[in-house]
Amino acid sequence: MVCTRLDQRLHAAAVKGEVEEAVRVLDTGRVHVDCADRDGTTPLILAAANSHVDLVRELLEQGAESNATRHTGTGALFFAAQGGFLDIVTVLLDRGCSINQASKDGGTALIVAAQCGHMDVVQVLLVRGADPHAAMRDRATAVFVASQNGHTSVVRTLLEAGAKANVRRMDGASPLWIASQMGHQGVVRLLLGHGVNPDVTRHDGATPLFKAAHKGHVEVVHELLPFSPCLGLLKNGESALHAAALYGHLRVLKALVLAGADPGLRNDQGLTPIQIAAQARHYEAVQLLKDALAKRKEKGPPTPKTSPGPRSPRLAHSLSGVALPSGMQSQSSSRGSSRNSSLGTIVETSPVLPRSASSPNNSRPEQYLSCELSNMVDGGARPRATLATGSCTSVGERTPCSSSPSPSPSISSEPPQSMIAALQKAPRHASHTDVSTVKNIFRRTLASFRRPTIVKRNDKPPEP
């Protein structure tokens, strides 16, 4: 653990990329080149995560362990791949860094590079022997996370390298399913062209077409329909038309009806898409479906494809008798939603925020500070840093940081503006010493919710 002033100086030099300072500290002979903080972060990891290639070379020359990892199992190669730092990735691989080293969650350099869309890093890793079949703890692969984020070129490169297109996550979601949910038309087209089954379902019975209709991704719906996906009832007791009717997606409804979906089809609760649209007050959708039903009766309906297998258990919240306001996006109203299956697989909480694939090559990430540097950086004015929340995730319903929501109760009353202002001024990465301050804020807030004493009214009529 970093415990001396010289250790702190070496970590600070690694954060800032100061090669001369690092050499000066190491030359004292009183600092180990792999001195780690309480999270296991070494100077090499810091230099790699902050894109300091010259310092990475120097530390390796000084004997730094290229495969050293933090307590989470991630090392310098992982963070260089996440940041898209191709030069550092190449240097580390040239020095014998393990290319398929995985974190405790199963995240590898290839998976995190695919997640962040770093095409050049993905190509180099594949050429150097990265395993395209490596999977995280929930079985999400590089193809899955790239499909989730719409990186079509990365998905194509992985498939050409032999990665499987139909691999499924633990909850049954496939790359096609997640791409359809997220509305990534290019990825959907690519996967369908590789022969992926358009009706591969998640364990709750939702198909890619169902999720695309549920989310209103009409372009994805148009990509799926030529492959004859199921238009009838699914194992969850709903159809894609029911999902589109619930949210009033008119363009999706038109496409499904033209493809042969039945506006009069009843779900397992006995409701038709017309009734669902009426309950949700989507009156344009109601009229569209009524017109389609009338035409269908005149011409005679085609036979829609049905989905085999038993139906999954119903959700606790039924559509029956519920009148939803127009535009209300209630996930609990659709049994194909991701409410019950958001796995929240986190590849790693990174020392740096991952650089976007569209960012310029010379853009620099937010610096990561070792947890031991509170007295070294900015004259000690900065609070002790914790890990940044930017990370790569594999989730059923895309959310910024991906763990399942806490079941803790919520407060129905809206907090006063004074509390909001106080929380906004509070540091984002507060240390444990600030807990008492937060408690005081909430104590004052709860006190403000107390009703004032009610004065008993005088029941006697006023005297004239």
# chains A, B, ... in the order shown; residues from 1 in each chain; ligands from 1
$ residues_around --residues "range 258-267 of chain A" --least-positions-apart "5" --cutoff "10 Å" --atoms "only C-alpha atoms" --output "CSV table (one decimal) with N, CA and C atoms, in the first residue's frame"
chain,number,residue,atom,x,y,z
A,222,HIS,N,-39.0,-2.5,-39.6
A,222,HIS,CA,-38.9,-2.7,-41.1
A,222,HIS,C,-37.8,-3.7,-41.5
A,225,LEU,N,-39.3,-7.4,-40.3
A,225,LEU,CA,-40.5,-8.0,-41.0
A,225,LEU,C,-40.2,-8.8,-42.2
A,226,PRO,N,-39.2,-8.5,-43.1
A,226,PRO,CA,-39.0,-9.4,-44.2
A,226,PRO,C,-38.5,-10.8,-43.8
A,228,SER,N,-40.0,-12.7,-41.6
A,228,SER,CA,-41.2,-13.4,-41.1
A,228,SER,C,-41.2,-13.7,-39.6
A,229,PRO,N,-41.0,-12.6,-38.8
A,229,PRO,CA,-41.0,-12.9,-37.3
A,229,PRO,C,-42.4,-13.2,-36.9
A,230,CYS,N,-42.6,-13.6,-35.6
A,230,CYS,CA,-43.9,-13.9,-35.1
A,230,CYS,C,-44.7,-12.7,-34.9
A,231,LEU,N,-45.9,-12.7,-35.5
A,231,LEU,CA,-46.9,-11.6,-35.3
A,231,LEU,C,-48.0,-12.0,-34.4
A,232,GLY,N,-48.1,-13.2,-33.9
A,232,GLY,CA,-49.1,-13.7,-33.0
A,232,GLY,C,-48.7,-13.5,-31.6
A,233,LEU,N,-49.4,-14.3,-30.7
A,233,LEU,CA,-49.1,-14.2,-29.3
A,233,LEU,C,-47.8,-14.9,-29.0
A,234,LEU,N,-47.0,-14.3,-28.1
A,234,LEU,CA,-45.8,-14.8,-27.7
A,234,LEU,C,-45.9,-15.5,-26.4
A,236,ASN,N,-45.2,-14.6,-23.6
A,236,ASN,CA,-45.6,-13.7,-22.5
A,236,ASN,C,-47.0,-13.3,-22.6
A,237,GLY,N,-47.8,-13.9,-23.5
A,237,GLY,CA,-49.2,-13.6,-23.7
A,237,GLY,C,-49.5,-12.4,-24.4
A,238,GLU,N,-48.5,-11.7,-25.0
A,238,GLU,CA,-48.7,-10.5,-25.7
A,238,GLU,C,-48.2,-10.7,-27.2
A,239,SER,N,-48.5,-9.7,-28.0
A,239,SER,CA,-48.0,-9.6,-29.3
A,239,SER,C,-47.3,-8.3,-29.6
A,240,ALA,N,-46.5,-8.2,-30.6
A,240,ALA,CA,-45.8,-7.0,-31.0
A,240,ALA,C,-46.9,-5.9,-31.2
A,241,LEU,N,-48.0,-6.2,-31.7
A,241,LEU,CA,-49.0,-5.2,-32.0
A,241,LEU,C,-49.6,-4.6,-30.6
A,242,HIS,N,-49.7,-5.5,-29.7
A,242,HIS,CA,-50.1,-5.0,-28.3
A,242,HIS,C,-49.1,-4.0,-27.8
A,245,ALA,N,-49.4,-0.7,-29.5
A,245,ALA,CA,-50.6,-0.1,-29.2
A,245,ALA,C,-50.6,0.6,-27.8
A,252,VAL,N,-45.2,2.2,-36.3
A,252,VAL,CA,-45.0,0.8,-36.0
A,252,VAL,C,-46.3,0.0,-36.2
A,253,LEU,N,-47.4,0.6,-35.8
A,253,LEU,CA,-48.7,-0.1,-35.9
A,253,LEU,C,-49.0,-0.3,-37.4
A,272,THR,N,-57.7,-6.7,-26.7
A,272,THR,CA,-57.2,-6.5,-28.1
A,272,THR,C,-56.3,-5.3,-28.1
A,273,PRO,N,-55.5,-5.2,-29.2
A,273,PRO,CA,-54.7,-3.9,-29.3
A,273,PRO,C,-55.5,-2.7,-29.3
A,274,ILE,N,-56.8,-2.8,-29.9
A,274,ILE,CA,-57.6,-1.6,-29.9
A,274,ILE,C,-58.0,-1.2,-28.5
A,275,GLN,N,-58.4,-2.2,-27.6
A,275,GLN,CA,-58.7,-1.9,-26.3
A,275,GLN,C,-57.6,-1.3,-25.5
A,286,VAL,N,-56.2,4.1,-32.0
A,286,VAL,CA,-57.5,3.3,-32.0
A,286,VAL,C,-58.2,3.4,-33.3
A,288,LEU,N,-56.8,4.0,-36.2
A,288,LEU,CA,-56.0,3.3,-37.2
A,288,LEU,C,-56.3,1.8,-37.1
A,289,LEU,N,-56.3,1.2,-35.9
A,289,LEU,CA,-56.5,-0.2,-35.7
A,289,LEU,C,-57.9,-0.6,-36.1
A,290,LYS,N,-58.9,0.3,-35.8
A,290,LYS,CA,-60.3,0.0,-36.2
A,290,LYS,C,-60.4,-0.1,-37.7
A,291,ASP,N,-59.8,0.9,-38.4
A,291,ASP,CA,-59.9,0.8,-39.9
A,291,ASP,C,-59.2,-0.4,-40.4
A,292,ALA,N,-58.1,-0.8,-39.8
A,292,ALA,CA,-57.4,-2.0,-40.3
A,292,ALA,C,-58.2,-3.2,-40.0
A,293,LEU,N,-58.9,-3.3,-38.9
A,293,LEU,CA,-59.7,-4.4,-38.6
A,293,LEU,C,-60.9,-4.6,-39.6
A,294,ALA,N,-61.5,-3.4,-39.9
A,294,ALA,CA,-62.6,-3.5,-40.9
A,294,ALA,C,-62.1,-4.0,-42.2
A,296,ARG,N,-59.6,-5.8,-42.7
A,296,ARG,CA,-59.2,-7.3,-42.6
A,296,ARG,C,-60.4,-8.2,-42.7
A,301,PRO,N,-58.4,-12.5,-43.2
A,301,PRO,CA,-57.1,-12.4,-42.6
A,301,PRO,C,-56.1,-13.4,-43.0
A,302,PRO,N,-54.8,-13.0,-43.2
A,302,PRO,CA,-53.8,-14.0,-43.3
A,302,PRO,C,-53.5,-14.7,-42.0
A,303,THR,N,-52.9,-15.8,-42.0
A,303,THR,CA,-52.6,-16.6,-40.8
A,303,THR,C,-51.3,-16.1,-40.2
A,304,PRO,N,-51.3,-15.5,-39.1
A,304,PRO,CA,-50.0,-15.0,-38.5
A,304,PRO,C,-49.2,-16.2,-37.9
A,305,LYS,N,-47.9,-16.0,-37.9
A,305,LYS,CA,-47.0,-17.0,-37.3
A,305,LYS,C,-47.1,-17.0,-35.8
$ residues_around --residues "Ala64 in chain A" --least-positions-apart "6" --cutoff "12 Å" --atoms "only C-alpha atoms" --output "VMD selection string"
chain A and resid 26 31 to 36 42 to 45 47 55 to 58 76 92 95 to 97
$ residues_around --residues "range 191-207 of chain A" --least-positions-apart "5" --cutoff "7 Å" --atoms "only C-alpha atoms" --output "JSON, numbers by chain"
{"A": [165, 166, 171, 172, 173, 176, 177, 224, 227, 229, 230, 234, 235, 236, 312, 336]}
$ write_last_selection --atoms "C-alpha atoms" --output "PDB file, in the first residue's frame"
ATOM      1  CA  ALA A 165     -23.669 -14.053 -33.543  1.00  0.00           C
ATOM      2  CA  ASN A 166     -26.325 -16.019 -31.653  1.00  0.00           C
ATOM      3  CA  ASP A 171     -31.367 -13.851 -19.160  1.00  0.00           C
ATOM      4  CA  GLY A 172     -31.772 -15.165 -22.715  1.00  0.00           C
ATOM      5  CA  ALA A 173     -31.127 -11.854 -24.452  1.00  0.00           C
ATOM      6  CA  LEU A 176     -30.141  -9.199 -32.040  1.00  0.00           C
ATOM      7  CA  TRP A 177     -32.524  -8.742 -29.131  1.00  0.00           C
ATOM      8  CA  LEU A 224     -37.195  -7.565 -39.064  1.00  0.00           C
ATOM      9  CA  PHE A 227     -37.655 -12.345 -42.104  1.00  0.00           C
ATOM     10  CA  PRO A 229     -41.014 -12.860 -37.328  1.00  0.00           C
ATOM     11  CA  CYS A 230     -43.869 -13.942 -35.087  1.00  0.00           C
ATOM     12  CA  LEU A 234     -45.761 -14.801 -27.664  1.00  0.00           C
ATOM     13  CA  LYS A 235     -44.947 -16.824 -24.594  1.00  0.00           C
ATOM     14  CA  ASN A 236     -45.573 -13.730 -22.476  1.00  0.00           C
ATOM     15  CA  SER A 312     -44.476 -17.277 -18.857  1.00  0.00           C
ATOM     16  CA  GLY A 336     -41.935  -7.788 -22.514  1.00  0.00           C
TER      17      GLY A 336
END
$ closest_atom_pairs --of "range 179-224 of chain A" --to "range 145-159 of chain A" --cutoff "9 Å" --atoms "only C-alpha atoms" --output "JSON lines"
{"residue": "A:Ala179", "atom": "CA", "partner": "A:Gln148", "partner_atom": "CA", "distance": 5.3}
{"residue": "A:Ser180", "atom": "CA", "partner": "A:Gln148", "partner_atom": "CA", "distance": 8.8}
{"residue": "A:Gln181", "atom": "CA", "partner": "A:Gln148", "partner_atom": "CA", "distance": 8.5}
{"residue": "A:Met182", "atom": "CA", "partner": "A:Gln148", "partner_atom": "CA", "distance": 6.7}
{"residue": "A:Gly183", "atom": "CA", "partner": "A:Gly150", "partner_atom": "CA", "distance": 8.3}
{"residue": "A:His184", "atom": "CA", "partner": "A:Gly150", "partner_atom": "CA", "distance": 5.3}
{"residue": "A:Gln185", "atom": "CA", "partner": "A:Gly150", "partner_atom": "CA", "distance": 8.2}
{"residue": "A:Gly186", "atom": "CA", "partner": "A:Thr152", "partner_atom": "CA", "distance": 6.1}
{"residue": "A:Val187", "atom": "CA", "partner": "A:Thr152", "partner_atom": "CA", "distance": 5.1}
{"residue": "A:Val188", "atom": "CA", "partner": "A:Ser147", "partner_atom": "CA", "distance": 8.3}
{"residue": "A:Leu190", "atom": "CA", "partner": "A:Arg156", "partner_atom": "CA", "distance": 7.4}
{"residue": "A:Leu191", "atom": "CA", "partner": "A:Val155", "partner_atom": "CA", "distance": 8.7}
{"residue": "A:His194", "atom": "CA", "partner": "A:Leu159", "partner_atom": "CA", "distance": 8.8}
$ atom_distance --atom1 "CA of Gly107 in chain A" --atom2 "CA of Thr90 in chain A"
19.0 Å
$ select_by_dssp --residues "range 103-332 of chain A" --states "alpha helix (DSSP H)" --output "PyMOL selection string"
chain A and resi 109-116+119-127+142-148+152-160+175-182+185-193+208-215+218-224+240-247+250-258+273-279+283-299
$ closest_residue --among "A:Tyr283, A:Phe144, A:Tyr247, A:Phe79" --to "Ala114 in chain A" --atoms "only C-alpha atoms"
A:Phe144
